[in-house]
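Structure data (mmCIF, C-alpha atoms) from upload-v6.cif:
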data_upload
loop_
_atom_site.label_atom_id
_atom_site.label_comp_id
_atom_site.auth_asym_id
_atom_site.auth_seq_id
_atom_site.Cartn_x
_atom_site.Cartn_y
_atom_site.Cartn_z
CA THR P 3 80.87 26.84 -20.99
CA LYS P 4 83.48 27.93 -18.49
CA ASP P 5 80.71 29.13 -16.20
CA LYS P 6 79.01 25.72 -16.32
CA TRP P 7 82.14 23.82 -15.11
CA SER P 8 83.35 26.41 -12.71
CA HIS P 9 81.30 25.04 -9.82
CA PHE P 10 81.99 21.34 -10.59
CA ASP P 11 83.69 19.35 -7.81
CA PRO P 12 85.75 16.49 -9.37
CA THR P 13 86.69 14.89 -6.05
CA GLY P 14 83.91 12.23 -6.29
CA LEU P 15 85.08 11.15 -9.75
CA GLU P 16 88.66 11.11 -8.64
CA ARG P 17 87.81 8.88 -5.67
CA ALA P 18 85.85 6.50 -7.94
CA ALA P 19 88.76 6.33 -10.43
CA LYS P 20 91.18 5.67 -7.60
CA ALA P 21 88.97 2.94 -6.19
CA ALA P 22 88.69 1.37 -9.65
CA ARG P 23 92.50 1.44 -10.07
CA GLU P 24 93.01 -0.10 -6.61
CA LEU P 25 90.39 -2.72 -7.39
CA ASP P 26 92.08 -3.50 -10.68
CA GLN P 27 95.43 -3.83 -9.00
CA SER P 28 94.03 -5.87 -6.12
CA ARG P 29 94.46 -9.63 -6.37
CA HIS P 30 90.90 -10.01 -5.14
CA ALA P 31 89.44 -7.92 -7.96
CA LYS P 32 88.35 -10.92 -10.07
CA GLU P 33 86.84 -12.62 -7.04
CA ALA P 34 85.08 -9.41 -6.03
CA LEU P 35 83.73 -9.06 -9.59
CA HIS P 36 82.69 -12.71 -9.59
CA LEU P 37 81.06 -12.25 -6.17
CA ALA P 38 79.25 -9.14 -7.43
CA GLN P 39 78.06 -11.12 -10.48
CA LEU P 40 76.83 -13.96 -8.23
CA GLN P 41 75.05 -11.46 -6.02
CA GLU P 42 73.46 -9.92 -9.12
CA GLN P 43 72.39 -13.38 -10.38
CA THR P 44 70.98 -14.21 -6.94
CA LEU P 45 69.05 -10.93 -6.97
CA GLN P 46 67.73 -11.70 -10.47
CA LEU P 47 66.74 -15.25 -9.40
CA GLU P 48 65.00 -13.87 -6.32
CA HIS P 49 63.29 -11.33 -8.52
CA GLN P 50 62.20 -14.06 -11.01
CA THR P 51 60.98 -16.21 -8.11
CA LYS P 52 58.95 -13.29 -6.80
CA VAL P 53 57.57 -12.68 -10.32
CA LYS P 54 56.63 -16.38 -10.59
CA GLU P 55 55.03 -16.28 -7.12
CA TYR P 56 53.13 -13.15 -8.13
CA GLU P 57 52.00 -14.78 -11.41
CA ALA P 58 50.94 -17.91 -9.47
CA ALA P 59 49.01 -15.74 -6.99
CA VAL P 60 47.35 -13.88 -9.89
CA GLU P 61 46.46 -17.24 -11.50
CA GLN P 62 45.09 -18.49 -8.17
CA LEU P 63 43.03 -15.31 -7.82
CA LYS P 64 41.67 -15.81 -11.36
CA ASN P 65 40.79 -19.42 -10.55
CA GLU P 66 39.15 -18.34 -7.28
CA GLN P 67 37.23 -15.64 -9.15
CA ILE P 68 36.07 -18.22 -11.73
CA ARG P 69 35.06 -20.59 -8.90
CA VAL P 70 33.17 -17.79 -7.09
CA GLN P 71 31.41 -16.76 -10.34
CA ALA P 72 30.46 -20.39 -11.00
CA GLU P 73 29.15 -20.68 -7.44
CA GLU P 74 27.17 -17.44 -7.86
CA ARG P 75 25.75 -18.70 -11.18
CA ARG P 76 24.80 -21.99 -9.50
CA LYS P 77 23.13 -20.11 -6.62
CA THR P 78 21.34 -17.83 -9.09
CA MET P 79 20.12 -20.82 -11.12
CA ASN P 80 18.98 -22.58 -7.94
CA GLU P 81 17.11 -19.45 -6.84
CA GLU P 82 15.55 -19.03 -10.30
CA THR P 83 14.51 -22.70 -10.23
CA ARG P 84 13.09 -22.29 -6.72
CA GLN P 85 11.16 -19.17 -7.77
CA HIS P 86 9.92 -20.90 -10.92
CA GLN P 87 8.71 -23.85 -8.85
CA ALA P 88 7.07 -21.52 -6.33
CA ARG P 89 5.32 -19.65 -9.19
CA ALA P 90 4.21 -22.94 -10.74
CA GLN P 91 2.88 -24.18 -7.39
CA TYR P 92 1.06 -20.87 -6.85
CA GLN P 93 -0.43 -21.00 -10.37
CA ASP P 94 -1.49 -24.61 -9.72
CA LYS P 95 -3.05 -23.61 -6.39
CA LEU P 96 -4.94 -20.75 -8.10
CA ALA P 97 -6.12 -23.08 -10.88
CA ARG P 98 -7.34 -25.62 -8.30
CA GLN P 99 -9.11 -22.86 -6.35
CA ARG P 100 -10.77 -21.61 -9.56
CA TYR P 101 -11.80 -25.17 -10.44
CA GLU P 102 -13.20 -25.77 -6.93
CA GLU P 103 -15.07 -22.44 -7.13
CA GLN P 104 -16.48 -23.44 -10.54
CA LEU P 105 -17.57 -26.79 -9.07
CA ARG P 106 -19.16 -25.01 -6.11
CA GLN P 107 -20.96 -22.55 -8.43
CA GLN P 108 -22.12 -25.46 -10.63
CA GLN P 109 -23.33 -27.30 -7.52
CA LEU P 110 -25.27 -24.20 -6.39
CA LEU P 111 -26.71 -23.81 -9.90
CA ASN P 112 -27.71 -27.50 -9.95
CA GLU P 113 -29.33 -27.18 -6.52
CA GLU P 114 -31.20 -24.04 -7.64
CA ASN P 115 -32.40 -25.78 -10.84
CA LEU P 116 -33.49 -28.83 -8.82
CA ARG P 117 -35.35 -26.58 -6.36
CA LYS P 118 -37.07 -24.78 -9.25
CA GLN P 119 -38.02 -28.13 -10.84
CA GLU P 120 -39.41 -29.36 -7.53
CA GLU P 121 -41.37 -26.11 -7.13
CA SER P 122 -42.64 -26.47 -10.68
CA VAL P 123 -43.69 -30.08 -10.04
CA GLN P 124 -45.38 -29.01 -6.78
CA LYS P 125 -47.18 -26.16 -8.59
CA GLN P 126 -48.31 -28.53 -11.36
CA GLU P 127 -49.44 -31.04 -8.76
CA ALA P 128 -51.31 -28.31 -6.84
CA MET P 129 -52.94 -27.12 -10.12
CA ARG P 130 -53.90 -30.72 -10.98
CA ARG P 131 -55.39 -31.22 -7.49
CA ALA P 132 -57.22 -27.89 -7.74
CA THR P 133 -58.53 -28.89 -11.17
CA VAL P 134 -59.63 -32.29 -9.87
CA GLU P 135 -61.23 -30.68 -6.80
CA HIS P 136 -62.95 -28.12 -9.05
CA GLU P 137 -64.21 -30.85 -11.36
CA MET P 138 -65.46 -32.79 -8.31
CA GLU P 139 -67.18 -29.65 -6.97
CA LEU P 140 -68.80 -29.07 -10.38
CA ARG P 141 -69.91 -32.71 -10.56
CA HIS P 142 -71.24 -32.48 -7.03
CA LYS P 143 -73.11 -29.23 -7.81
CA ASN P 144 -74.47 -30.72 -11.02
CA GLU P 145 -75.46 -33.89 -9.16
CA MET P 146 -77.17 -31.81 -6.46
CA LEU P 147 -78.90 -29.71 -9.10
CA ARG P 148 -79.99 -32.91 -10.89
CA ILE P 149 -81.22 -34.46 -7.64
CA GLU P 150 -82.99 -31.21 -6.72
CA ALA P 151 -84.50 -30.98 -10.19
CA GLU P 152 -85.59 -34.60 -10.00
CA ALA P 153 -87.05 -34.05 -6.54
CA ARG P 154 -88.93 -30.97 -7.74
CA ALA P 155 -90.13 -32.86 -10.79
CA ARG P 156 -91.19 -35.81 -8.60
CA GLY P 157 -92.90 -33.43 -6.20
CA ARG P 158 -94.65 -31.74 -9.10
CA VAL P 159 -95.63 -35.11 -10.52
CA GLU P 160 -96.76 -36.27 -7.10
CA ARG P 161 -98.73 -33.07 -6.58
CA GLU P 162 -100.22 -33.39 -10.02
CA ASN P 163 -100.92 -37.04 -9.30
CA ALA P 164 -102.42 -36.09 -5.91
CA ASP P 165 -104.53 -33.43 -7.65
CA ILE P 166 -105.64 -36.01 -10.23
CA ILE P 167 -106.36 -38.58 -7.52
CA ARG P 168 -108.32 -36.01 -5.53
CA GLU P 169 -110.15 -35.02 -8.70
CA GLN P 170 -110.91 -38.67 -9.40
CA ILE P 171 -112.07 -39.22 -5.84
CA ARG P 172 -114.26 -36.13 -6.10
CA LEU P 173 -115.61 -37.34 -9.41
CA LYS P 174 -116.30 -40.79 -7.95
CA ILE P 175 -117.94 -39.23 -4.92
CA GLY P 176 -119.94 -36.92 -7.23
CA ARG P 177 -121.16 -39.92 -9.30
CA ALA P 178 -121.99 -41.84 -6.30
CA HIS P 179 -124.35 -39.21 -5.04
#
Starting from the file, lay out its structure as structure tokens.
Amino acid sequence: TKDKWSHFDPTGLERAAKAARELDQSRHAKEALHLAQLQEQTLQLEHQTKVKEYEAAVEQLKNEQIRVQAEERRKTMNEETRQHQARAQYQDKLARQRYEEQLRQQQLLNEENLRKQEESVQKQEAMRRATVEHEMELRHKNEMLRIEAEARARGRVERENADIIREQIRLKIGRAH
């Protein structure tokens, strides 16, 4: 232990003890102590004030953070609402386009069906006319054949009659001689 204290310099301690004795003996010692206590209290008050200011700043930062988060949430909700509306409008536009396309297709189908019906009516009308014309042709042919047959029959009858008349005239002439 001797080695440990052999290098120790006690002059600092001695000076501090001397200063403490002088301070004790000094008539201003109590005032100096009181002043030191006031200074310490002032330092503590300043420190507390700084702590309060720091706490207030932290609270203000928290409030600002809450306000910013609320603003971000509001912006996000507005954007989601805007996107939802845009999607709904787009879906509505697509639905209207599909409906218009269906109407257009139905219109084309109706026009095609009408055209086919008109063609069918025209074909039926043409077939009816052809049938009527054919019947008229057949009637005409039959009428011509009948007239021809009648004319031939009349001619035959007339020839036969002429032959009979000639025969009668010959017979009359033969009797007269």
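Atom CA of Leu37 of chain P to atom CA of Ala22 of chain P spans 16.0 Å [interatomic distance, one decimal].
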Problem set entry | Interatomic distance, atom CA of Gln46 of chain P to atom CA of Val60 of chain P (Å, one decimal) |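 Distance between the two atoms: 20.5 Å.
Pairwise distance (atom CA of Glu61 of chain P, atom CA of Glu48 of chain P) equals 19.5 Å.
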